[in-house]
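The structure file final-v2.tsv is reproduced below (TSV, C-alpha atoms).
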```tsv
chain	number	residue	atom	x	y	z
A	1	MET	CA	41.20	4.09	-8.04
A	2	SER	CA	41.64	0.40	-7.17
A	3	ARG	CA	41.14	1.27	-3.50
A	4	MET	CA	37.78	2.85	-4.35
A	5	VAL	CA	36.68	-0.25	-6.29
A	6	SER	CA	37.79	-2.46	-3.40
A	7	LEU	CA	35.86	-0.29	-0.94
A	8	ILE	CA	32.68	-0.39	-3.08
A	9	PHE	CA	33.06	-4.17	-3.49
A	10	LEU	CA	33.53	-4.61	0.27
A	11	VAL	CA	30.50	-2.43	1.09
A	12	GLY	CA	28.44	-4.40	-1.46
A	13	ILE	CA	29.44	-7.73	0.10
A	14	ILE	CA	28.68	-6.40	3.58
A	15	LEU	CA	25.24	-5.20	2.41
A	16	LEU	CA	24.54	-8.56	0.73
A	17	VAL	CA	25.52	-10.49	3.87
A	18	GLY	CA	23.43	-8.09	5.99
A	19	ILE	CA	20.37	-8.58	3.78
A	20	LEU	CA	20.78	-12.36	3.83
A	21	PHE	CA	21.27	-12.30	7.61
A	22	TYR	CA	18.09	-10.24	8.02
A	23	ARG	CA	16.10	-12.63	5.79
A	24	VAL	CA	17.22	-15.59	7.89
A	25	MET	CA	16.65	-13.86	11.23
A	26	ALA	CA	13.32	-12.24	10.27
A	27	THR	CA	11.48	-15.49	11.00
A	28	PHE	CA	12.90	-15.46	14.53
A	29	LEU	CA	12.06	-11.85	15.41
A	30	VAL	CA	8.50	-12.52	16.58
A	31	PRO	CA	9.46	-15.53	18.74
A	32	LEU	CA	12.34	-13.52	20.22
A	33	PHE	CA	9.95	-10.68	21.02
A	34	PHE	CA	7.51	-13.06	22.74
A	35	ALA	CA	10.39	-14.66	24.65
A	36	ALA	CA	11.38	-11.23	25.97
A	37	VAL	CA	7.77	-10.51	26.96
A	38	PHE	CA	7.50	-13.85	28.78
A	39	VAL	CA	10.78	-13.23	30.61
A	40	VAL	CA	9.39	-9.95	31.91
A	41	LEU	CA	6.02	-11.49	32.81
A	42	PHE	CA	7.34	-14.59	34.57
A	43	ARG	CA	10.36	-13.04	36.30
A	44	PRO	CA	8.47	-12.72	39.63
A	45	LEU	CA	7.43	-16.39	39.39
A	46	HIS	CA	11.05	-17.40	38.85
A	47	GLY	CA	12.12	-15.31	41.85
A	48	TRP	CA	9.51	-17.02	44.01
A	49	MET	CA	10.60	-20.47	42.75
A	50	LEU	CA	14.23	-19.57	43.46
A	51	GLN	CA	13.35	-18.78	47.08
A	52	LYS	CA	11.42	-22.04	47.46
A	53	CYS	CA	14.33	-24.02	45.98
A	54	ARG	CA	16.79	-22.32	48.40
A	55	GLY	CA	18.93	-20.68	45.74
A	56	ARG	CA	19.39	-23.69	43.45
A	57	GLN	CA	19.28	-22.04	40.01
A	58	ARG	CA	18.79	-25.13	37.85
A	59	LEU	CA	16.03	-26.59	39.99
A	60	ALA	CA	14.23	-23.22	40.11
A	61	ALA	CA	14.56	-22.82	36.32
A	62	GLY	CA	13.14	-26.30	35.73
A	63	ALA	CA	10.25	-25.72	38.13
A	64	THR	CA	9.50	-22.34	36.57
A	65	THR	CA	9.53	-23.84	33.08
A	66	ALA	CA	7.22	-26.66	34.18
A	67	ALA	CA	4.85	-24.17	35.84
A	68	ILE	CA	4.76	-21.97	32.72
A	69	MET	CA	4.08	-24.98	30.50
A	70	LEU	CA	1.21	-26.01	32.79
A	71	ILE	CA	-0.15	-22.46	32.80
A	72	VAL	CA	-0.12	-22.37	28.98
A	73	LEU	CA	-0.70	-26.00	27.95
A	74	VAL	CA	-3.56	-26.96	30.26
A	75	PRO	CA	-5.94	-24.17	29.11
A	76	THR	CA	-4.88	-24.63	25.48
A	77	SER	CA	-5.51	-28.38	25.57
A	78	LEU	CA	-8.84	-27.79	27.31
A	79	ILE	CA	-9.94	-25.32	24.63
A	80	VAL	CA	-8.85	-27.65	21.82
A	81	THR	CA	-10.68	-30.58	23.42
A	82	LEU	CA	-13.87	-28.56	23.81
A	83	ALA	CA	-13.61	-27.37	20.20
A	84	VAL	CA	-13.24	-30.95	18.94
A	85	VAL	CA	-16.23	-32.13	21.01
A	86	GLU	CA	-18.40	-29.22	19.84
A	87	GLY	CA	-17.34	-29.74	16.23
A	88	SER	CA	-18.14	-33.44	16.29
A	89	THR	CA	-21.52	-32.73	17.94
A	90	LEU	CA	-22.27	-30.14	15.27
A	91	LEU	CA	-21.38	-32.52	12.47
A	92	THR	CA	-23.54	-35.34	13.86
A	93	HIS	CA	-26.58	-33.08	14.28
A	94	LEU	CA	-26.19	-31.18	11.01
A	95	ASP	CA	-29.41	-31.22	9.01
A	96	ALA	CA	-29.76	-29.22	5.79
A	97	ALA	CA	-33.39	-28.23	6.38
A	98	THR	CA	-32.75	-27.11	9.95
A	99	LEU	CA	-29.65	-25.21	8.90
A	100	LYS	CA	-31.58	-23.45	6.13
A	101	SER	CA	-34.40	-22.43	8.47
A	102	GLN	CA	-31.97	-21.20	11.14
A	103	LEU	CA	-30.01	-19.19	8.57
A	104	SER	CA	-33.26	-17.70	7.31
A	105	SER	CA	-34.34	-16.67	10.81
A	106	PHE	CA	-30.85	-15.31	11.50
A	107	ARG	CA	-30.95	-13.20	8.32
A	108	THR	CA	-34.39	-11.91	9.25
A	109	ARG	CA	-33.24	-10.93	12.77
A	110	LEU	CA	-30.25	-9.05	11.38
A	111	GLY	CA	-32.27	-7.40	8.64
A	112	LEU	CA	-30.35	-9.20	5.91
A	113	ALA	CA	-33.28	-11.16	4.50
A	114	MET	CA	-34.12	-10.32	0.93
A	115	PRO	CA	-37.79	-9.40	0.96
A	116	LEU	CA	-39.87	-10.23	-2.05
A	117	ALA	CA	-37.21	-12.66	-3.26
A	118	ASN	CA	-39.71	-14.50	-5.44
A	119	ASP	CA	-40.65	-11.24	-7.16
A	120	MET	CA	-36.97	-10.55	-7.84
A	121	ARG	CA	-36.57	-14.03	-9.33
A	122	ALA	CA	-39.59	-13.41	-11.56
A	123	VAL	CA	-37.99	-10.17	-12.75
A	124	GLU	CA	-34.73	-11.98	-13.44
A	125	ASP	CA	-36.60	-14.60	-15.46
A	126	GLN	CA	-38.38	-11.89	-17.43
A	127	LEU	CA	-35.09	-10.14	-18.12
A	128	ALA	CA	-33.58	-13.40	-19.32
A	129	ARG	CA	-36.52	-14.01	-21.65
A	130	LEU	CA	-36.37	-10.41	-22.82
A	131	TYR	CA	-32.72	-10.66	-23.76
A	132	GLN	CA	-33.14	-14.07	-25.37
A	133	SER	CA	-36.07	-13.11	-27.54
A	134	GLN	CA	-35.35	-11.15	-30.71
A	135	GLY	CA	-37.41	-10.17	-33.72
A	136	ARG	CA	-40.67	-9.69	-31.84
A	137	ALA	CA	-40.65	-5.92	-31.52
A	138	ALA	CA	-44.13	-5.35	-30.10
A	139	ALA	CA	-43.88	-8.21	-27.63
A	140	GLU	CA	-40.49	-6.98	-26.47
A	141	ALA	CA	-41.76	-3.44	-25.97
A	142	ASN	CA	-44.69	-4.74	-23.91
A	143	ALA	CA	-42.37	-7.00	-21.93
A	144	ALA	CA	-40.06	-4.09	-21.13
A	145	ARG	CA	-43.01	-1.93	-20.04
A	146	HIS	CA	-44.41	-4.77	-17.90
A	147	LEU	CA	-40.98	-5.39	-16.42
A	148	LEU	CA	-40.57	-1.74	-15.50
A	149	GLU	CA	-43.98	-1.71	-13.79
A	150	ARG	CA	-43.12	-4.88	-11.88
A	151	LEU	CA	-39.79	-3.43	-10.71
A	152	GLN	CA	-41.51	-0.27	-9.51
A	153	GLU	CA	-43.97	-2.43	-7.51
A	154	ILE	CA	-41.03	-4.26	-5.93
A	155	GLN	CA	-39.39	-0.94	-5.12
A	156	ARG	CA	-42.55	0.29	-3.38
A	157	GLY	CA	-42.78	-3.01	-1.48
A	158	LEU	CA	-39.18	-2.72	-0.34
A	159	ALA	CA	-39.67	0.88	0.77
A	160	ASN	CA	-42.60	-0.21	2.97
A	161	GLU	CA	-40.61	-2.98	4.68
A	162	PRO	CA	-40.31	-2.48	8.47
A	163	ARG	CA	-36.57	-3.14	8.48
A	164	GLY	CA	-35.92	-0.25	6.11
A	165	HIS	CA	-34.45	-2.19	3.22
A	166	GLY	CA	-35.24	0.73	0.95
A	167	SER	CA	-34.88	0.48	-2.80
A	168	VAL	CA	-31.10	0.36	-3.07
A	169	ALA	CA	-30.95	-2.97	-4.90
A	170	VAL	CA	-33.76	-2.19	-7.34
A	171	GLU	CA	-32.97	1.36	-8.50
A	172	PRO	CA	-30.08	0.46	-10.87
A	173	VAL	CA	-32.22	-2.23	-12.49
A	174	ILE	CA	-35.13	0.22	-12.92
A	175	ALA	CA	-32.78	2.74	-14.55
A	176	GLU	CA	-31.53	0.14	-17.04
A	177	VAL	CA	-35.03	-1.11	-17.89
A	178	ALA	CA	-36.25	2.49	-18.31
A	179	LYS	CA	-33.52	2.95	-20.94
A	180	LEU	CA	-35.11	0.09	-22.91
A	181	GLN	CA	-38.24	2.17	-23.53
A	182	ASP	CA	-36.22	4.76	-25.45
A	183	LEU	CA	-34.63	2.13	-27.73
A	184	THR	CA	-36.12	0.39	-30.74
A	185	PRO	CA	-36.92	-3.28	-30.01
A	186	GLY	CA	-35.03	-5.74	-32.13
A	187	THR	CA	-31.98	-3.52	-32.59
A	188	LEU	CA	-28.52	-4.32	-31.30
A	189	GLU	CA	-28.67	-1.49	-28.75
A	190	TYR	CA	-31.93	-2.89	-27.39
```
This entry written out as structure tokens:
Amino acid sequence: MSRMVSLIFLVGIILLVGILFYRVMATFLVPLFFAAVFVVLFRPLHGWMLQKCRGRQRLAAGATTAAIMLIVLVPTSLIVTLAVVEGSTLLTHLDAATLKSQLSSFRTRLGLAMPLANDMRAVEDQLARLYQSQGRAAAEANAARHLLERLQEIQRGLANEPRGHGSVAVEPVIAEVAKLQDLTPGTLEY
């Protein structure tokens, strides 16, 4: 029995050490993978450098490493430099009005512009007033009816838009406002 406990304890310790080893080495797996890929990619370059260095291993390894660093570092530093220059140029020429107009034209080109945005804001204002006002049953009923008519106008306007915005954004609001007509103004449900 004591041999079985010793075996279980030993297997547990081995598993614990294995898990800890994996957790430490997991951060090195991706760099090791890339190192293997680079060895395969640059092996012909090293062979060529070895021929040019007349078989001197250390000199060929140093020259290959320097060549690889130049191949990687020069384009990377060029890209970073260009990004810094473009970023500083953008920051110096950043104007809120110009940015707003360019975003608006970009949204329009992509079909993302919200048509009849002022009408939607008016509907939102009416909804806010409708929910804030209480105790004026007739006025609230008229406001709900007027709001429903206005939403249906917006829906027709959206359906006629050339970009095909449709009435996706308005239909849920129309359904909720239509429910108001069935309720008694001034009640909690309303």
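What separates CA of Leu147 in chain A from CA of Val123 in chain A is a distance of 6.7 Å.
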Rounded to one decimal, what separation in Å do you get between CA of Leu45 in chain A and CA of Leu82 in chain A?
29.1 Å
CA of Ala66 in chain A and CA of Cys53 in chain A, how far apart in Å?
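CA of Cys53 in chain A sits 14.0 Å away from CA of Ala66 in chain A.
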Which is closest to Ala178 in chain A among A:Thr76, A:Ser6, A:Gln152, A:Thr108, if we use all atoms listed in the file?
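Among A:Thr76, A:Ser6, A:Gln152, A:Thr108, it is A:Gln152 that comes nearest to Ala178 in chain A.
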Closest contacts (range 63-115 of chain A/range 34-38 of chain A, max 12 Å, all atoms listed in the file) as a tab-separated table:
```
residue	atom	partner	partner_atom	distance
A:Thr64	CA	A:Phe38	CA	11.7
A:Thr65	CA	A:Phe38	CA	11.1
A:Ile68	CA	A:Phe38	CA	9.4
A:Met69	CA	A:Phe38	CA	11.8
A:Val72	CA	A:Phe38	CA	11.4
```
